[in-house]
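Asker: Let me begin by handing over the structure; questions about it come next.
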Amino acid sequence: MKPERLKELLTYDPLSGIVCSRKSNRRLIADYDGLVVIFDPIEKKSYKLKLDRIACTLAFGTPPSDNKRVLHKDLNVSDNSLKNLSVVSRSVFLAVKEAHKNLTQIIRLVQHPTDQFNYVVHWLDKGQERQKVVHDITEAKRLVLRLQLKYSKVLTRYCVFD
């Protein structure tokens, strides 16, 4: 859908991040995947678009290109206010998502299943789960700390947490 036509059908409030239909003044609510359905009465066609891409298109006037992604700076995908949105490359977007996933759930230190004096460190690297067997608990904790620092640097470079 063209940005001009999108502006004719929808309104966007940059402070609250709410996108509404011009005709019915109803708020668009995204589904589980972040998608909304927009019906164009002139073309008699329905479009399924991501709500954050719609917000960017209405705010900046042009849609993000195919190799760009919309990043929510505070990682809250339901907040589409203008101060929370930024357009980044696909590789940066994937790095931020991987760093967030590592810090919240993936990086962990567990005892080796067969050897009680060894430890296993798990983390996600470029989409693949990695693990390393370490023979000393202090070395294992140091590795976990280094990984946490590495991924927290990625998050602080692109995200804002207040």
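Note on naming: chains are A, B, ... as they come in the structure tokens, residues start from 1 per chain, ligands start from 1 in the order shown.
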I'd like the contact shell of Ser16 in chain A - 9 Å cut-off, only C-alpha atoms, skipping same-chain residues fewer than 6 positions apart - returned as a JSON list (two decimals) with N, CA, C and O atoms, in the first residue's frame.
Answerer:
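Wrote it out as selection00.json, contents follow:
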[["chain", "number", "residue", "atom", "x", "y", "z"],
["A", 79, "ASP", "N", 4.43, -0.37, 22.27],
["A", 79, "ASP", "CA", 4.60, 1.09, 22.33],
["A", 79, "ASP", "C", 5.11, 1.58, 20.97],
["A", 79, "ASP", "O", 6.27, 1.41, 20.64],
["A", 80, "ASN", "N", 4.22, 2.19, 20.20],
["A", 80, "ASN", "CA", 4.57, 2.68, 18.87],
["A", 80, "ASN", "C", 4.73, 4.19, 18.83],
["A", 80, "ASN", "O", 4.55, 4.81, 17.78],
["A", 81, "SER", "N", 5.06, 4.80, 19.96],
["A", 81, "SER", "CA", 5.27, 6.25, 19.95],
["A", 81, "SER", "C", 6.55, 6.57, 19.17],
["A", 81, "SER", "O", 7.45, 5.74, 19.05],
["A", 82, "LEU", "N", 6.61, 7.76, 18.63],
["A", 82, "LEU", "CA", 7.70, 8.14, 17.75],
["A", 82, "LEU", "C", 9.06, 8.10, 18.45],
["A", 82, "LEU", "O", 10.05, 7.71, 17.84]]
Asker: Which residues come within 12 Å of range 60-68 of chain A, counting only C-alpha atoms, excluding same-chain residues fewer than 6 positions away, as a list in words?
Answerer: Met1, Lys2, Pro3, Glu4, Arg5, Leu6, Lys7, Tyr12, Pro14, Leu49, Lys50, Leu51, Asp52, Arg53, Ile54, Leu82, Leu85, Ser86, Val87, Val88, Ser89, Arg90, Ser91, Val92, Phe93 and Leu94 of chain A
Asker: Would you mind telling me which residue in A:Lys73, A:Glu139, A:Gly17, A:Ser78 lies nearest to Tyr32 in chain A when using only C-alpha atoms?
Answerer: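 Using only C-alpha atoms, Tyr32 in chain A sits closest to A:Ser78.
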Asker: Can you pull out the residues contacting Pro113 in chain A? Cut-off 12 Å, using only C-alpha atoms, and skip same-chain residues under 6 positions away; I want them as a PyMOL selection string.
Answerer: chain A and resi 119-120+133
Asker: Keeping only all heavy atoms, write those residues as a PDB file, in the first residue's frame.
Answerer:
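Written output follows (result.pdb):
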ATOM      1  N   TYR A 119      31.704 -27.901  34.345  1.00  0.00           N
ATOM      2  CA  TYR A 119      30.519 -27.062  34.190  1.00  0.00           C
ATOM      3  C   TYR A 119      30.320 -26.751  32.716  1.00  0.00           C
ATOM      4  O   TYR A 119      31.281 -26.700  31.945  1.00  0.00           O
ATOM      5  CB  TYR A 119      30.669 -25.764  34.998  1.00  0.00           C
ATOM      6  CG  TYR A 119      30.838 -26.041  36.466  1.00  0.00           C
ATOM      7  CD1 TYR A 119      32.098 -26.208  37.028  1.00  0.00           C
ATOM      8  CD2 TYR A 119      29.731 -26.175  37.283  1.00  0.00           C
ATOM      9  CE1 TYR A 119      32.248 -26.491  38.373  1.00  0.00           C
ATOM     10  CE2 TYR A 119      29.870 -26.458  38.629  1.00  0.00           C
ATOM     11  CZ  TYR A 119      31.135 -26.625  39.167  1.00  0.00           C
ATOM     12  OH  TYR A 119      31.275 -26.914  40.493  1.00  0.00           O
ATOM     13  N   VAL A 120      29.068 -26.516  32.331  1.00  0.00           N
ATOM     14  CA  VAL A 120      28.740 -26.209  30.942  1.00  0.00           C
ATOM     15  C   VAL A 120      28.085 -24.831  30.889  1.00  0.00           C
ATOM     16  O   VAL A 120      27.136 -24.557  31.621  1.00  0.00           O
ATOM     17  CB  VAL A 120      27.788 -27.275  30.349  1.00  0.00           C
ATOM     18  CG1 VAL A 120      27.500 -26.970  28.883  1.00  0.00           C
ATOM     19  CG2 VAL A 120      28.351 -28.664  30.506  1.00  0.00           C
ATOM     20  N   VAL A 133      32.377 -26.527  27.696  1.00  0.00           N
ATOM     21  CA  VAL A 133      32.664 -27.228  28.936  1.00  0.00           C
ATOM     22  C   VAL A 133      33.884 -26.577  29.577  1.00  0.00           C
ATOM     23  O   VAL A 133      34.927 -26.425  28.940  1.00  0.00           O
ATOM     24  CB  VAL A 133      32.922 -28.731  28.677  1.00  0.00           C
ATOM     25  CG1 VAL A 133      33.294 -29.442  29.968  1.00  0.00           C
ATOM     26  CG2 VAL A 133      31.714 -29.379  28.034  1.00  0.00           C
TER      27      VAL A 133
END
Asker: As a PyMOL selection string, please: every residue in range 9-133 of chain A that DSSP puts in strand (DSSP E).
Answerer: chain A and resi 10-13+18-21+35-40+45-50+68-72+85-89+108-111+119-125+128-133
Asker: Ranking A:Asp115, A:Glu43, A:Glu98, A:Asp31 by minimum distance to Tyr151 in chain A and counting only C-alpha atoms, which one comes first?
Answerer: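 Distance minimum relative to Tyr151 in chain A lands on A:Glu98.
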